[in-house]
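First up is the structure itself, then whatever we jot down about it.
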Amino acid sequence: MQDVIDNVMTIITAYGLNVVAAIVILIVGLMVAGWAKRFVLKMSAKASMVDDTLAGFFAGLTYYAVVAFVIIAVLARFGVETTSLIAVFGAAGLAIGLALQGTLSNVAAGVMLLLFRPFKVGDLVEAAGIMGTVKSISLFVTEFATLDNVQVLAPNSQVWGSAVKNFSHHDTRRIDCVIGIAYEDDINVAFASAQAVVDEDFRVLKDPEPMIVVSELGDSSVNLTIRVWCNATDYWGLRFGLNKSLKERFDADQISIPYPQRTLHIMGGELAMETIDVE
């Protein structure tokens, strides 16, 4: 009986210290991982060039990296051969990677989006055939809200692999309004009317200077292009407002805007009909 007690005490003495040491390493390691995560978030907040999405990604990556080292240290405390363990994990990771190529491609694309940041949360973009406001960027999908406020989740690989139009990147945007007038109308009067509309709208920027030109001599109309610049936040309001104001001003100044019409020609007693389409 005494021999059994002695053996138990020997085992407890030999492994008990390792268990206590492993618990201490685990607790301290988790505390360090949490501290490292908070430190990364704090430093990212001080750096104005790092947005919240990228800060959260780096903070999470730091946390799990520290936790991985802690687990290896705990296993090493119990005499586990960590070199072999890492090799097993590497082989398992390779097998999982081959099975999840599509998912991992989304992760890789998500990392590229977070690092190179072709857009950020809140930007109005067109990517992967989707036009909308970016709501979030995760490691697997990018969330958009379309112009009619519909949620769309796009795989990161499709977003990263497509051309991206970022309508919010620059502070200013250009608007081109094309409007046709009849050949019989006085073009100088039309220019003056369009210029008055542009001058009266406070949203039109003076620099770059607005431009009004004859862009085309069409089949049945003289097409004018009114080109103005505005702040990006005023784009849609100004675009719709210009169309309305130009129509009202042209009506007031008796400048006609041609529309599709049919012209009848009688030649030699036969009736011919010609269709004129206005661009």
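Every chain in the structure tokens takes a letter, A first, then B, and so on in the order presented; its residues are numbered from 1, and the ligands are numbered from 1 following the presented order.
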
Practice prompt. Would you please extract all helix (DSSP H, G or I) residues from region 89-157 of chain A, as assigned by DSSP on the backbone, and give them as a PyMOL selection string?
Written response: chain A and resi 89-99+101-116+156-157

Response to the item:
Using only C-alpha atoms, the shortest atom-to-atom distance to Asn223 (chain A) among A:Leu41, A:Leu113, A:Ile266, A:Ala182 belongs to A:Ala182

Item to complete: Using only C-alpha atoms, determine which residues lie at most 10 Å from Tyr235 (chain A), disregarding the query and same-chain residues fewer than 2 positions distant; provide the list as a list in words.
Response: Thr172, Arg173, Arg174, Ile175, Arg203, Val204, Trp229, Cys230, Asn231, Ala232, Thr233, Gly237, Leu238, Arg239, Phe240 and Gly241 of chain A

Go ahead and write the selection's residues with N, CA and C atoms as a PDB file, in the first residue's frame.
```pdb
ATOM      1  N   THR A 172     -14.540  66.047 -55.600  1.00  0.00           N
ATOM      2  CA  THR A 172     -15.393  66.691 -56.604  1.00  0.00           C
ATOM      3  C   THR A 172     -15.710  65.712 -57.730  1.00  0.00           C
ATOM      4  N   ARG A 173     -16.823  65.991 -58.436  1.00  0.00           N
ATOM      5  CA  ARG A 173     -17.221  65.175 -59.577  1.00  0.00           C
ATOM      6  C   ARG A 173     -17.714  66.085 -60.694  1.00  0.00           C
ATOM      7  N   ARG A 174     -17.727  65.560 -61.908  1.00  0.00           N
ATOM      8  CA  ARG A 174     -18.155  66.320 -63.077  1.00  0.00           C
ATOM      9  C   ARG A 174     -19.510  65.829 -63.554  1.00  0.00           C
ATOM     10  N   ILE A 175     -20.326  66.770 -64.010  1.00  0.00           N
ATOM     11  CA  ILE A 175     -21.645  66.457 -64.560  1.00  0.00           C
ATOM     12  C   ILE A 175     -21.708  66.964 -65.989  1.00  0.00           C
ATOM     13  N   ARG A 203     -24.446  75.287 -56.109  1.00  0.00           N
ATOM     14  CA  ARG A 203     -23.705  74.029 -56.001  1.00  0.00           C
ATOM     15  C   ARG A 203     -22.670  73.859 -57.096  1.00  0.00           C
ATOM     16  N   VAL A 204     -22.756  74.657 -58.141  1.00  0.00           N
ATOM     17  CA  VAL A 204     -21.794  74.583 -59.248  1.00  0.00           C
ATOM     18  C   VAL A 204     -20.504  75.275 -58.827  1.00  0.00           C
ATOM     19  N   TRP A 229     -18.738  71.220 -62.576  1.00  0.00           N
ATOM     20  CA  TRP A 229     -18.134  70.460 -61.488  1.00  0.00           C
ATOM     21  C   TRP A 229     -18.837  70.821 -60.185  1.00  0.00           C
ATOM     22  N   CYS A 230     -18.893  69.835 -59.285  1.00  0.00           N
ATOM     23  CA  CYS A 230     -19.540  70.071 -57.994  1.00  0.00           C
ATOM     24  C   CYS A 230     -18.881  69.189 -56.945  1.00  0.00           C
ATOM     25  N   ASN A 231     -19.207  69.442 -55.677  1.00  0.00           N
ATOM     26  CA  ASN A 231     -18.765  68.552 -54.615  1.00  0.00           C
ATOM     27  C   ASN A 231     -19.440  67.195 -54.763  1.00  0.00           C
ATOM     28  N   ALA A 232     -18.718  66.146 -54.397  1.00  0.00           N
ATOM     29  CA  ALA A 232     -19.248  64.796 -54.584  1.00  0.00           C
ATOM     30  C   ALA A 232     -20.577  64.597 -53.856  1.00  0.00           C
ATOM     31  N   THR A 233     -20.755  65.255 -52.722  1.00  0.00           N
ATOM     32  CA  THR A 233     -22.004  65.106 -51.962  1.00  0.00           C
ATOM     33  C   THR A 233     -23.192  65.778 -52.655  1.00  0.00           C
ATOM     34  N   GLY A 237     -28.171  65.595 -56.477  1.00  0.00           N
ATOM     35  CA  GLY A 237     -29.094  66.718 -56.388  1.00  0.00           C
ATOM     36  C   GLY A 237     -28.888  67.721 -57.508  1.00  0.00           C
ATOM     37  N   LEU A 238     -27.621  68.026 -57.824  1.00  0.00           N
ATOM     38  CA  LEU A 238     -27.331  68.978 -58.884  1.00  0.00           C
ATOM     39  C   LEU A 238     -27.668  68.400 -60.252  1.00  0.00           C
ATOM     40  N   ARG A 239     -27.381  67.128 -60.456  1.00  0.00           N
ATOM     41  CA  ARG A 239     -27.665  66.506 -61.757  1.00  0.00           C
ATOM     42  C   ARG A 239     -29.159  66.560 -62.076  1.00  0.00           C
ATOM     43  N   PHE A 240     -29.993  66.176 -61.132  1.00  0.00           N
ATOM     44  CA  PHE A 240     -31.436  66.214 -61.349  1.00  0.00           C
ATOM     45  C   PHE A 240     -31.940  67.653 -61.422  1.00  0.00           C
ATOM     46  N   GLY A 241     -31.366  68.517 -60.597  1.00  0.00           N
ATOM     47  CA  GLY A 241     -31.807  69.910 -60.578  1.00  0.00           C
ATOM     48  C   GLY A 241     -31.489  70.639 -61.867  1.00  0.00           C
TER      49      GLY A 241
END
```

Item to complete: Can you list, as a ChimeraX atom specification, all residues belonging to region 68-190 of chain A that DSSP tags as strand (DSSP E or B)?
Response: /A:124-127,130-137,141-146,151-155,165-166,172-181

File of the preceding selection, C-alpha atoms, as a compact mmCIF listing (two decimals), in the first residue's frame:
```
# COMPACT_ATOMS: atom_id res chain seq x y z
CA LEU A 124 -20.08 54.58 -53.05
CA VAL A 125 -18.48 52.11 -55.45
CA GLU A 126 -19.19 49.86 -58.40
CA ALA A 127 -17.46 46.48 -58.16
CA ILE A 130 -22.68 45.84 -57.99
CA MET A 131 -23.19 49.55 -57.39
CA GLY A 132 -23.76 50.57 -53.81
CA THR A 133 -22.36 51.86 -50.54
CA VAL A 134 -19.79 49.69 -48.78
CA LYS A 135 -21.14 48.63 -45.37
CA SER A 136 -18.44 46.23 -44.19
CA ILE A 137 -15.36 44.33 -45.36
CA VAL A 141 -17.38 38.77 -48.15
CA THR A 142 -17.91 42.48 -48.76
CA GLU A 143 -21.31 43.86 -47.81
CA PHE A 144 -22.95 46.49 -50.02
CA ALA A 145 -26.14 48.50 -49.72
CA THR A 146 -27.47 49.31 -53.19
CA GLN A 151 -28.19 44.29 -48.96
CA VAL A 152 -25.77 42.49 -51.28
CA LEU A 153 -22.98 40.19 -50.09
CA ALA A 154 -20.24 39.70 -52.68
CA PRO A 155 -17.35 37.20 -52.33
CA LYS A 165 -15.10 52.42 -59.58
CA ASN A 166 -14.95 54.48 -56.41
CA THR A 172 -15.39 66.69 -56.60
CA ARG A 173 -17.22 65.18 -59.58
CA ARG A 174 -18.15 66.32 -63.08
CA ILE A 175 -21.64 66.46 -64.56
CA ASP A 176 -22.35 66.50 -68.30
CA CYS A 177 -25.88 67.51 -69.29
CA VAL A 178 -26.68 67.03 -72.98
CA ILE A 179 -29.69 68.88 -74.33
CA GLY A 180 -30.80 69.38 -77.92
CA ILE A 181 -32.27 72.53 -79.49
```

Show me a table, sorted first by chain and then by increasing residue number, of the residues of region 129-231 of chain A having an atom at most 6 Å from region 103-107 of chain A, each with its shortest atom pair and the distance in Å to one decimal, counting only C-alpha atoms and written as JSON lines.
```
{"residue": "A:Leu139", "atom": "CA", "partner": "A:Val107", "partner_atom": "CA", "distance": 4.9}
{"residue": "A:Phe140", "atom": "CA", "partner": "A:Asn106", "partner_atom": "CA", "distance": 5.1}
{"residue": "A:Asn156", "atom": "CA", "partner": "A:Asn106", "partner_atom": "CA", "distance": 4.9}
{"residue": "A:Ser157", "atom": "CA", "partner": "A:Asn106", "partner_atom": "CA", "distance": 4.8}
```

Worksheet item: Near region 194-198 of chain A, counting only C-alpha atoms, which residues have an atom at most 9 Å away, once you skip same-chain residues fewer than 6 positions from it, shown as a ChimeraX atom specification?
Response: /A:204,210-212,226,228,242,245-246,249-250

With N, CA and C atoms kept, could you save the residues just selected as an mmCIF file, in the first residue's frame?
```cif
data_model
loop_
_atom_site.group_PDB
_atom_site.id
_atom_site.type_symbol
_atom_site.label_atom_id
_atom_site.label_comp_id
_atom_site.auth_asym_id
_atom_site.auth_seq_id
_atom_site.Cartn_x
_atom_site.Cartn_y
_atom_site.Cartn_z
ATOM 1 N N VAL A 204 -22.756 74.657 -58.141
ATOM 2 C CA VAL A 204 -21.794 74.583 -59.248
ATOM 3 C C VAL A 204 -20.504 75.275 -58.827
ATOM 4 N N PRO A 210 -17.177 76.188 -65.369
ATOM 5 C CA PRO A 210 -18.204 75.509 -66.175
ATOM 6 C C PRO A 210 -17.992 75.753 -67.667
ATOM 7 N N MET A 211 -18.437 74.813 -68.474
ATOM 8 C CA MET A 211 -18.225 74.896 -69.913
ATOM 9 C C MET A 211 -19.529 74.538 -70.631
ATOM 10 N N ILE A 212 -19.898 75.364 -71.604
ATOM 11 C CA ILE A 212 -21.077 75.124 -72.428
ATOM 12 C C ILE A 212 -20.623 75.123 -73.882
ATOM 13 N N ILE A 226 -23.624 70.875 -71.368
ATOM 14 C CA ILE A 226 -23.353 71.767 -70.239
ATOM 15 C C ILE A 226 -22.525 70.970 -69.241
ATOM 16 N N VAL A 228 -20.290 70.867 -65.848
ATOM 17 C CA VAL A 228 -20.017 71.583 -64.596
ATOM 18 C C VAL A 228 -19.368 70.628 -63.604
ATOM 19 N N LEU A 242 -30.336 70.359 -62.462
ATOM 20 C CA LEU A 242 -29.971 71.010 -63.720
ATOM 21 C C LEU A 242 -30.941 70.633 -64.838
ATOM 22 N N SER A 245 -34.078 72.676 -64.248
ATOM 23 C CA SER A 245 -33.883 74.115 -64.451
ATOM 24 C C SER A 245 -33.660 74.453 -65.918
ATOM 25 N N LEU A 246 -32.919 73.625 -66.634
ATOM 26 C CA LEU A 246 -32.678 73.877 -68.050
ATOM 27 C C LEU A 246 -33.974 73.800 -68.844
ATOM 28 N N ARG A 249 -36.030 76.932 -68.042
ATOM 29 C CA ARG A 249 -35.441 78.154 -68.612
ATOM 30 C C ARG A 249 -35.604 78.188 -70.122
ATOM 31 N N PHE A 250 -35.415 77.054 -70.774
ATOM 32 C CA PHE A 250 -35.576 77.013 -72.222
ATOM 33 C C PHE A 250 -37.025 77.271 -72.615
#
```

Fill in: Contact residues around Leu26 (chain A) with only C-alpha atoms at 9 Å, ignoring same-chain residues under 4 positions, as an MDAnalysis selection string
chainID A and resid 21:22 30:31 67 70:71 73:74

Would you save the residues of that selection, restricted to C-alpha atoms, as an mmCIF file, in the first residue's frame?
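Result file result-v7.cif:
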```
data_model
loop_
_atom_site.group_PDB
_atom_site.id
_atom_site.type_symbol
_atom_site.label_atom_id
_atom_site.label_comp_id
_atom_site.auth_asym_id
_atom_site.auth_seq_id
_atom_site.Cartn_x
_atom_site.Cartn_y
_atom_site.Cartn_z
ATOM 1 C CA ALA A 21 2.942 25.712 -14.848
ATOM 2 C CA ALA A 22 0.746 25.053 -17.902
ATOM 3 C CA LEU A 30 -4.329 34.920 -22.707
ATOM 4 C CA MET A 31 -3.797 38.098 -20.722
ATOM 5 C CA VAL A 67 -2.727 32.418 -28.531
ATOM 6 C CA VAL A 70 0.750 30.024 -25.883
ATOM 7 C CA ILE A 71 -0.789 26.693 -26.906
ATOM 8 C CA ALA A 73 4.263 26.522 -24.999
ATOM 9 C CA VAL A 74 1.644 24.651 -22.933
#
```

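If you look at CA of Ala68 (chain A) and CA of Ile23 (chain A), they are 15.1 Å away from each other.
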
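Note that CA of Val111 (chain A) and CA of Ser138 (chain A) are 8.8 Å apart.
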
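Computed from the coordinates, the CA of Leu114 (chain A) to CA of Leu61 (chain A) distance equals 12.6 Å.
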
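Nearest residue to Asn18 (chain A), choosing from A:Arg38, A:Lys244, A:His170, A:Arg77 and counting only C-alpha atoms: A:Arg77.
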